[in-house]
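File shown here: work10.pdb, holding PDB, C-alpha atoms.
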```
ATOM      1  CA  MET A   1    -137.620  39.844 -18.090
ATOM      2  CA  LEU A   2    -140.611  39.104 -15.862
ATOM      3  CA  LYS A   3    -142.465  37.478 -18.734
ATOM      4  CA  LYS A   4    -139.788  34.775 -18.804
ATOM      5  CA  ILE A   5    -141.336  33.259 -15.715
ATOM      6  CA  PHE A   6    -144.375  32.235 -17.730
ATOM      7  CA  SER A   7    -142.233  29.850 -19.757
ATOM      8  CA  PHE A   8    -142.034  27.631 -16.689
ATOM      9  CA  CYS A   9    -145.766  27.063 -16.559
ATOM     10  CA  ARG A  10    -147.475  24.245 -18.453
ATOM     11  CA  LYS A  11    -150.261  25.550 -20.611
ATOM     12  CA  PRO A  12    -153.680  24.514 -19.274
ATOM     13  CA  LYS A  13    -156.146  22.703 -21.514
ATOM     14  CA  GLN A  14    -158.177  25.001 -23.704
ATOM     15  CA  VAL A  15    -161.752  25.376 -22.553
ATOM     16  CA  ALA A  16    -164.673  27.239 -24.009
ATOM     17  CA  SER A  17    -164.642  30.831 -22.893
ATOM     18  CA  GLN A  18    -167.423  31.790 -20.549
ATOM     19  CA  PRO A  19    -168.378  35.255 -19.405
ATOM     20  CA  THR A  20    -167.235  36.001 -15.878
ATOM     21  CA  THR A  21    -166.839  38.982 -13.596
ATOM     22  CA  LEU A  22    -163.920  37.432 -11.729
ATOM     23  CA  ALA A  23    -160.328  38.440 -12.485
ATOM     24  CA  PRO A  24    -158.212  35.569 -13.850
ATOM     25  CA  LYS A  25    -155.612  33.954 -11.627
ATOM     26  CA  PRO A  26    -152.300  34.586 -13.433
ATOM     27  CA  PHE A  27    -150.378  31.674 -11.893
ATOM     28  CA  ALA A  28    -153.199  29.157 -11.442
ATOM     29  CA  VAL A  29    -151.373  26.594 -13.603
ATOM     30  CA  PRO A  30    -149.069  23.684 -12.737
ATOM     31  CA  LEU A  31    -145.396  24.662 -12.426
ATOM     32  CA  ARG A  32    -142.397  22.649 -13.492
ATOM     33  CA  SER A  33    -138.721  22.838 -12.658
ATOM     34  CA  PRO A  34    -136.307  24.428 -15.162
ATOM     35  CA  GLN A  35    -135.272  22.020 -17.906
ATOM     36  CA  SER A  36    -131.980  23.684 -18.865
ATOM     37  CA  PHE A  37    -129.330  26.054 -17.590
ATOM     38  CA  ASN A  38    -130.794  28.927 -19.613
ATOM     39  CA  GLU A  39    -134.249  28.298 -18.210
ATOM     40  CA  ALA A  40    -132.851  28.270 -14.679
ATOM     41  CA  LEU A  41    -131.017  31.524 -15.380
ATOM     42  CA  HIS A  42    -134.139  33.213 -16.724
ATOM     43  CA  PHE A  43    -136.198  31.987 -13.812
ATOM     44  CA  GLY A  44    -133.605  33.214 -11.304
ATOM     45  CA  ASN A  45    -133.487  36.651 -12.906
ATOM     46  CA  ALA A  46    -137.273  36.909 -12.996
ATOM     47  CA  PHE A  47    -137.474  35.861  -9.351
ATOM     48  CA  LEU A  48    -134.934  38.486  -8.249
ATOM     49  CA  ILE A  49    -136.776  41.222 -10.138
ATOM     50  CA  ALA A  50    -140.037  40.217  -8.480
ATOM     51  CA  VAL A  51    -138.319  40.238  -5.079
ATOM     52  CA  LYS A  52    -136.885  43.707  -5.689
ATOM     53  CA  ILE A  53    -140.261  45.096  -6.712
ATOM     54  CA  GLN A  54    -141.908  43.614  -3.620
ATOM     55  CA  LEU A  55    -139.124  44.868  -1.347
ATOM     56  CA  ALA A  56    -139.391  48.375  -2.787
ATOM     57  CA  GLY A  57    -142.988  48.581  -1.589
ATOM     58  CA  LEU A  58    -142.037  47.261   1.845
ATOM     59  CA  ILE A  59    -139.279  49.840   2.190
ATOM     60  CA  ASP A  60    -141.736  52.608   1.326
ATOM     61  CA  GLN A  61    -144.045  51.361   4.089
ATOM     62  CA  LEU A  62    -141.190  51.294   6.595
ATOM     63  CA  HIS A  63    -140.082  54.800   5.640
ATOM     64  CA  GLN A  64    -143.590  56.061   6.365
ATOM     65  CA  LYS A  65    -143.752  54.237   9.694
ATOM     66  CA  THR A  66    -140.300  55.333  10.858
ATOM     67  CA  ASN A  67    -140.049  58.829   9.361
ATOM     68  CA  HIS A  68    -136.736  57.632   7.842
ATOM     69  CA  LEU A  69    -135.157  57.055  11.282
ATOM     70  CA  VAL A  70    -133.178  53.956  12.270
ATOM     71  CA  GLN A  71    -135.166  52.097  14.931
ATOM     72  CA  ALA A  72    -132.553  50.035  16.791
ATOM     73  CA  GLY A  73    -128.887  49.115  17.010
ATOM     74  CA  PRO A  74    -125.806  51.332  17.424
ATOM     75  CA  PHE A  75    -127.171  54.055  15.140
ATOM     76  CA  ARG A  76    -130.714  54.338  16.470
ATOM     77  CA  GLY A  77    -132.187  57.723  15.580
ATOM     78  CA  MET A  78    -129.975  58.314  12.523
ATOM     79  CA  LYS A  79    -131.886  59.656   9.545
ATOM     80  CA  LEU A  80    -131.677  57.677   6.326
ATOM     81  CA  ILE A  81    -132.212  59.296   2.969
ATOM     82  CA  ALA A  82    -134.417  58.137   0.136
ATOM     83  CA  HIS A  83    -132.792  58.141  -3.281
ATOM     84  CA  PRO A  84    -134.750  59.026  -6.451
ATOM     85  CA  ASN A  85    -133.363  55.841  -8.052
ATOM     86  CA  GLN A  86    -133.683  53.847  -4.857
ATOM     87  CA  TYR A  87    -134.833  50.609  -6.442
ATOM     88  CA  PRO A  88    -133.041  50.280  -9.801
ATOM     89  CA  LEU A  89    -133.389  46.700 -11.006
ATOM     90  CA  LYS A  90    -129.868  46.585 -12.430
ATOM     91  CA  ASN A  91    -128.137  48.165  -9.403
ATOM     92  CA  GLU A  92    -125.773  45.448  -8.207
ATOM     93  CA  HIS A  93    -125.038  47.086  -4.856
ATOM     94  CA  HIS A  94    -128.613  48.202  -4.148
ATOM     95  CA  TYR A  95    -127.742  51.656  -2.810
ATOM     96  CA  GLY A  96    -130.691  52.849  -0.764
ATOM     97  CA  TRP A  97    -132.091  49.354  -0.173
ATOM     98  CA  ASN A  98    -132.374  49.974   3.535
ATOM     99  CA  ALA A  99    -135.163  47.927   5.133
ATOM    100  CA  HIS A 100    -132.667  46.213   7.447
ATOM    101  CA  GLN A 101    -131.002  49.578   8.056
ATOM    102  CA  LEU A 102    -134.287  51.189   9.118
ATOM    103  CA  LEU A 103    -134.964  48.231  11.389
ATOM    104  CA  GLY A 104    -131.443  48.519  12.819
ATOM    105  CA  CYS A 105    -130.551  44.882  12.161
ATOM    106  CA  LEU A 106    -128.005  45.323   9.366
ATOM    107  CA  GLU A 107    -125.002  43.111  10.194
ATOM    108  CA  GLU A 108    -126.448  42.563  13.652
ATOM    109  CA  GLU A 109    -123.528  40.327  14.606
ATOM    110  CA  LEU A 110    -121.288  43.420  14.517
ATOM    111  CA  HIS A 111    -123.323  45.479  16.991
ATOM    112  CA  GLY A 112    -121.181  44.344  19.919
ATOM    113  CA  PRO A 113    -117.829  45.032  18.227
ATOM    114  CA  ILE A 114    -119.091  48.410  16.980
ATOM    115  CA  GLU A 115    -120.026  49.404  20.527
ATOM    116  CA  GLN A 116    -116.608  48.274  21.769
ATOM    117  CA  ALA A 117    -114.884  50.314  19.073
ATOM    118  CA  ILE A 118    -116.909  53.380  20.068
ATOM    119  CA  GLN A 119    -115.978  52.909  23.730
ATOM    120  CA  ARG A 120    -112.296  52.950  22.751
ATOM    121  CA  ALA A 121    -112.867  56.549  21.546
ATOM    122  CA  PRO A 122    -110.997  56.701  18.234
ATOM    123  CA  GLU A 123    -109.974  60.120  16.977
ATOM    124  CA  ILE A 124    -110.223  59.019  13.341
ATOM    125  CA  VAL A 125    -112.659  56.593  11.715
ATOM    126  CA  VAL A 126    -111.916  55.187   8.268
ATOM    127  CA  ASN A 127    -114.793  53.482   6.437
ATOM    128  CA  VAL A 128    -113.585  51.771   3.270
ATOM    129  CA  GLY A 129    -116.571  50.867   1.101
ATOM    130  CA  CYS A 130    -118.873  53.387   2.755
ATOM    131  CA  SER A 131    -121.761  52.876   0.302
ATOM    132  CA  GLU A 132    -124.588  55.309   1.154
ATOM    133  CA  GLY A 133    -122.979  56.123   4.515
ATOM    134  CA  TYR A 134    -124.769  53.953   7.058
ATOM    135  CA  TYR A 135    -121.619  53.292   9.077
ATOM    136  CA  ALA A 136    -119.751  56.494   8.253
ATOM    137  CA  ILE A 137    -122.621  58.772   9.277
ATOM    138  CA  GLY A 138    -123.680  56.601  12.209
ATOM    139  CA  LEU A 139    -120.166  56.622  13.635
ATOM    140  CA  ALA A 140    -119.890  60.379  13.066
ATOM    141  CA  GLN A 141    -122.975  60.803  15.258
ATOM    142  CA  ARG A 142    -121.748  58.434  17.960
ATOM    143  CA  LEU A 143    -118.245  59.928  17.975
ATOM    144  CA  PRO A 144    -118.779  63.711  17.902
ATOM    145  CA  HIS A 145    -115.073  64.475  18.296
ATOM    146  CA  ALA A 146    -113.823  62.120  15.592
ATOM    147  CA  GLU A 147    -112.959  62.857  11.964
ATOM    148  CA  ILE A 148    -114.525  60.411   9.511
ATOM    149  CA  TYR A 149    -112.929  59.365   6.219
ATOM    150  CA  ALA A 150    -115.422  57.599   3.938
ATOM    151  CA  PHE A 151    -114.039  55.877   0.826
ATOM    152  CA  ASP A 152    -116.032  54.388  -2.039
ATOM    153  CA  SER A 153    -115.252  53.758  -5.695
ATOM    154  CA  SER A 154    -118.864  54.493  -6.720
ATOM    155  CA  LYS A 155    -119.753  58.060  -7.620
ATOM    156  CA  GLU A 156    -123.397  57.341  -6.805
ATOM    157  CA  ALA A 157    -122.503  55.978  -3.373
ATOM    158  CA  ARG A 158    -120.366  59.032  -2.587
ATOM    159  CA  ALA A 159    -123.202  61.368  -3.554
ATOM    160  CA  LEU A 160    -125.625  59.510  -1.285
ATOM    161  CA  CYS A 161    -123.116  59.535   1.564
ATOM    162  CA  LYS A 162    -122.704  63.291   1.188
ATOM    163  CA  ARG A 163    -126.468  63.807   1.333
ATOM    164  CA  ALA A 164    -126.723  61.589   4.401
ATOM    165  CA  ALA A 165    -123.992  63.601   6.135
ATOM    166  CA  GLN A 166    -125.882  66.806   5.422
ATOM    167  CA  GLU A 167    -129.218  65.384   6.589
ATOM    168  CA  ASN A 168    -127.624  64.323   9.875
ATOM    169  CA  HIS A 169    -125.616  67.561  10.304
ATOM    170  CA  VAL A 170    -122.163  65.943  10.376
ATOM    171  CA  GLU A 171    -120.912  67.077   6.966
ATOM    172  CA  ASP A 172    -118.138  69.169   8.543
ATOM    173  CA  ARG A 173    -116.433  66.013   9.903
ATOM    174  CA  VAL A 174    -117.147  63.504   7.136
ATOM    175  CA  HIS A 175    -114.517  63.537   4.394
ATOM    176  CA  ILE A 176    -115.736  61.586   1.374
ATOM    177  CA  LYS A 177    -113.091  60.078  -0.904
ATOM    178  CA  GLY A 178    -112.866  57.845  -3.953
ATOM    179  CA  THR A 179    -111.230  54.421  -4.206
ATOM    180  CA  CYS A 180    -108.996  53.622  -1.240
ATOM    181  CA  HIS A 181    -105.441  52.476  -1.977
ATOM    182  CA  GLU A 182    -102.583  51.180   0.110
ATOM    183  CA  GLN A 183    -100.987  54.626   0.181
ATOM    184  CA  ASP A 184    -104.164  56.122   1.664
ATOM    185  CA  ILE A 185    -104.039  53.615   4.518
ATOM    186  CA  LEU A 186    -100.360  54.330   5.163
ATOM    187  CA  LYS A 187    -100.919  58.078   5.096
ATOM    188  CA  LEU A 188    -103.697  57.873   7.685
ATOM    189  CA  ALA A 189    -101.653  55.521   9.853
ATOM    190  CA  ARG A 190     -98.811  58.064   9.958
ATOM    191  CA  LEU A 191    -101.051  60.638  11.637
ATOM    192  CA  GLY A 192    -100.265  58.979  14.942
ATOM    193  CA  LYS A 193    -103.836  59.156  16.264
ATOM    194  CA  LYS A 194    -106.223  56.509  17.574
ATOM    195  CA  ILE A 195    -107.824  55.045  14.453
ATOM    196  CA  PHE A 196    -110.702  52.678  13.837
ATOM    197  CA  PHE A 197    -111.022  51.077  10.382
ATOM    198  CA  LEU A 198    -114.222  49.529   9.062
ATOM    199  CA  ILE A 199    -113.419  47.804   5.780
ATOM    200  CA  ASP A 200    -115.787  46.311   3.213
ATOM    201  CA  CYS A 201    -113.874  46.340  -0.060
ATOM    202  CA  GLU A 202    -115.703  43.569  -1.976
ATOM    203  CA  GLY A 203    -112.886  41.058  -2.296
ATOM    204  CA  ASP A 204    -109.900  43.417  -2.487
ATOM    205  CA  GLU A 205    -108.919  42.820   1.143
ATOM    206  CA  LEU A 206    -105.538  41.301   0.333
ATOM    207  CA  LYS A 207    -104.779  44.005  -2.206
ATOM    208  CA  LEU A 208    -105.497  46.739   0.337
ATOM    209  CA  LEU A 209    -104.285  45.181   3.597
ATOM    210  CA  THR A 210    -100.759  44.292   2.577
ATOM    211  CA  PRO A 211     -98.184  43.156   5.167
ATOM    212  CA  ARG A 212     -96.781  46.680   5.028
ATOM    213  CA  CYS A 213    -100.196  48.165   5.878
ATOM    214  CA  VAL A 214    -100.889  45.668   8.648
ATOM    215  CA  GLU A 215     -97.573  46.521  10.267
ATOM    216  CA  ALA A 216     -98.376  50.251  10.074
ATOM    217  CA  LEU A 217    -101.775  49.598  11.689
ATOM    218  CA  ARG A 218    -100.481  47.613  14.653
ATOM    219  CA  HIS A 219    -102.045  50.117  17.100
ATOM    220  CA  ALA A 220    -105.292  50.602  15.175
ATOM    221  CA  ASP A 221    -108.605  48.789  15.608
ATOM    222  CA  LEU A 222    -110.193  47.187  12.536
ATOM    223  CA  ILE A 223    -113.308  45.325  11.465
ATOM    224  CA  VAL A 224    -112.788  43.637   8.090
ATOM    225  CA  GLU A 225    -115.522  41.906   6.115
ATOM    226  CA  CYS A 226    -113.959  38.888   4.425
ATOM    227  CA  HIS A 227    -115.286  38.009   0.965
ATOM    228  CA  ASP A 228    -113.993  34.459   0.929
ATOM    229  CA  PHE A 229    -116.433  33.469  -1.812
ATOM    230  CA  LYS A 230    -114.293  35.602  -4.134
ATOM    231  CA  ASN A 231    -110.956  34.418  -2.765
ATOM    232  CA  ALA A 232    -110.775  31.571  -0.242
ATOM    233  CA  LEU A 233    -107.378  32.797   0.963
ATOM    234  CA  ILE A 234    -108.652  36.112   2.366
ATOM    235  CA  THR A 235    -109.568  35.039   5.903
ATOM    236  CA  PRO A 236    -106.613  32.682   6.562
ATOM    237  CA  THR A 237    -104.117  35.171   5.104
ATOM    238  CA  LEU A 238    -105.411  38.156   7.068
ATOM    239  CA  LEU A 239    -105.776  36.103  10.218
ATOM    240  CA  GLN A 240    -102.121  35.112  10.052
ATOM    241  CA  LEU A 241    -101.050  38.716   9.409
ATOM    242  CA  PHE A 242    -103.102  40.304  12.176
ATOM    243  CA  MET A 243    -102.486  37.696  14.877
ATOM    244  CA  ASN A 244     -98.902  38.914  15.185
ATOM    245  CA  SER A 245     -99.930  42.458  16.126
ATOM    246  CA  HIS A 246    -103.587  42.401  17.218
ATOM    247  CA  ARG A 247    -106.061  40.536  19.354
ATOM    248  CA  VAL A 248    -108.319  38.973  16.750
ATOM    249  CA  ASP A 249    -111.923  37.814  17.075
ATOM    250  CA  ILE A 250    -113.630  35.910  14.266
ATOM    251  CA  VAL A 251    -117.300  36.769  13.775
ATOM    252  CA  LYS A 252    -119.647  34.573  11.762
ATOM    253  CA  GLU A 253    -122.875  35.768  10.156
ATOM    254  CA  GLY A 254    -125.740  34.936  12.487
ATOM    255  CA  ALA A 255    -129.488  34.434  12.390
ATOM    256  CA  ARG A 256    -132.312  36.987  12.465
ATOM    257  CA  ASN A 257    -135.772  36.842  13.986
ATOM    258  CA  PRO A 258    -138.007  39.227  12.036
ATOM    259  CA  SER A 259    -141.075  38.063  13.961
ATOM    260  CA  ALA A 260    -139.659  39.741  17.076
ATOM    261  CA  MET A 261    -139.569  43.160  15.394
ATOM    262  CA  PRO A 262    -142.602  45.319  16.266
ATOM    263  CA  LEU A 263    -142.685  47.104  12.917
ATOM    264  CA  LEU A 264    -143.078  43.816  11.043
ATOM    265  CA  GLN A 265    -145.917  42.307  13.069
ATOM    266  CA  ASN A 266    -148.509  42.963  10.368
ATOM    267  CA  PHE A 267    -146.309  41.818   7.482
ATOM    268  CA  THR A 268    -146.633  38.366   5.943
ATOM    269  CA  SER A 269    -143.992  35.754   6.728
ATOM    270  CA  LEU A 270    -142.336  36.253   3.349
ATOM    271  CA  ASP A 271    -142.340  40.033   3.659
ATOM    272  CA  ARG A 272    -140.860  39.872   7.163
ATOM    273  CA  TRP A 273    -137.962  37.785   5.911
ATOM    274  CA  LEU A 274    -137.421  40.015   2.882
ATOM    275  CA  CYS A 275    -137.038  43.015   5.192
ATOM    276  CA  VAL A 276    -134.160  41.446   7.102
ATOM    277  CA  CYS A 277    -132.541  39.634   4.178
ATOM    278  CA  GLU A 278    -129.071  40.941   3.296
ATOM    279  CA  PHE A 279    -128.870  38.875   0.095
ATOM    280  CA  ARG A 280    -125.498  37.329   0.889
ATOM    281  CA  PRO A 281    -124.076  34.850  -1.642
ATOM    282  CA  THR A 282    -122.833  32.651   1.228
ATOM    283  CA  VAL A 283    -122.344  32.782   5.000
ATOM    284  CA  MET A 284    -120.095  35.752   5.732
ATOM    285  CA  TRP A 285    -117.224  36.206   8.183
ATOM    286  CA  TRP A 286    -115.580  39.235   9.729
ATOM    287  CA  LEU A 287    -112.240  39.719  11.452
ATOM    288  CA  VAL A 288    -112.396  42.060  14.431
ATOM    289  CA  CYS A 289    -108.852  43.165  15.200
ATOM    290  CA  TRP A 290    -107.995  45.142  18.339
ATOM    291  CA  GLY A 291    -104.702  47.025  18.398
ATOM    292  CA  LYS A 292    -102.378  46.307  21.306
TER     293      LYS A 292
END
```
Entire entry expressed as structure tokens:
Amino acid sequence: MLKKIFSFCRKPKQVASQPTTLAPKPFAVPLRSPQSFNEALHFGNAFLIAVKIQLAGLIDQLHQKTNHLVQAGPFRGMKLIAHPNQYPLKNEHHYGWNAHQLLGCLEEELHGPIEQAIQRAPEIVVNVGCSEGYYAIGLAQRLPHAEIYAFDSSKEARALCKRAAQENHVEDRVHIKGTCHEQDILKLARLGKKIFFLIDCEGDELKLLTPRCVEALRHADLIVECHDFKNALITPTLLQLFMNSHRVDIVKEGARNPSAMPLLQNFTSLDRWLCVCEFRPTVMWWLVCWGK
């Protein structure tokens, strides 16, 4: 796929070959914009592959500098694991792509709400869409008396989450499950304990958080990532449902300043921004819902 990028370069005029000891400059030719949808698609794919390859090297550098430990944020000191297939080019969800996790700036706008949720001392934490376990394991460490239920539809993600729980010595309290359904939410709600939900279900918010579930969770705290780019009705629908039973804060994705991070001082401008990039398709929103 990378060779597709060369189709966007105009061929230079042919000149007589001359002996030289200098390496050729591979992109020292004029560039042009894509001339068709297919060209734009090929260029975009080639660009993303190049970005992933570059980011893989940056993550390796950060792992060496940090000894795999999160450097800031609510989960500072948590150990992250390296996956043997950490940088697969076709991995849509990028499990193990953790530069921003190592730096502690992943979803930085949620740091305040996460700290508030911890202060409210939930007895049960439910992480829907746990991925490799950043939140599930981090919350298990911050809440040593809580039981953690980590749901994910991906077998690979569940395996990584299990390894992370073992590496951080919380495997006895982290219960890793498959796809979360409405009945799972209702079952946990019936336990009658203080519960905190952290939900990132990739556009299935309305399917999971039905009016029946919202009513059952009227005393629970929740942070819900809203994938409005998949369904524009997610945020307004959930907002209307939760406002009747919860105090609701709306959180918008914010800015980052990678130049302020000590570990990135010797990185180039592009590399600094790659390390904090979360590759969002659009500006994201979260609903932070506090049970009354």
> In terms of the shortest atom-to-atom distance over all atoms listed in the file, which of A:Phe267, A:Val174, A:Gly133, A:Gln141 is closest to Arg158 of chain A?
Replying inline: A:Gly133
>> So that I can check the surroundings of segment 186-200 of chain A, please list as a ChimeraX atom specification every protein, DNA and RNA residue that reaches within 8 Å of it, counting all atoms listed in the file and ignoring chain neighbours fewer than 6 positions away.
In response: /A:117,121-130,213,216-217,219-226
>> I'd like to know which of A:Ala150, A:Leu110, A:Ala136, A:Val51 is closest to Met284 of chain A, using only C-alpha atoms.
In response: A:Leu110
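Proximity ranking of A:His42, A:Arg256, A:Arg247, A:His100 relative to Leu69 of chain A places A:His100 first, based on all atoms listed in the file.
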>> When you look at Gln166 of chain A with a cut-off of 12 Å (counting only C-alpha atoms), what residues show up, excluding the ones that are within fewer than 3 positions of it in the same chain? I need them as a PyMOL selection string.
In response: chain A and resi 78-81+133+137+140-141+159-163+169-175
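The space separating atom CA of Glu278 of chain A from atom CA of Ile185 of chain A comes to 28.1 Å.
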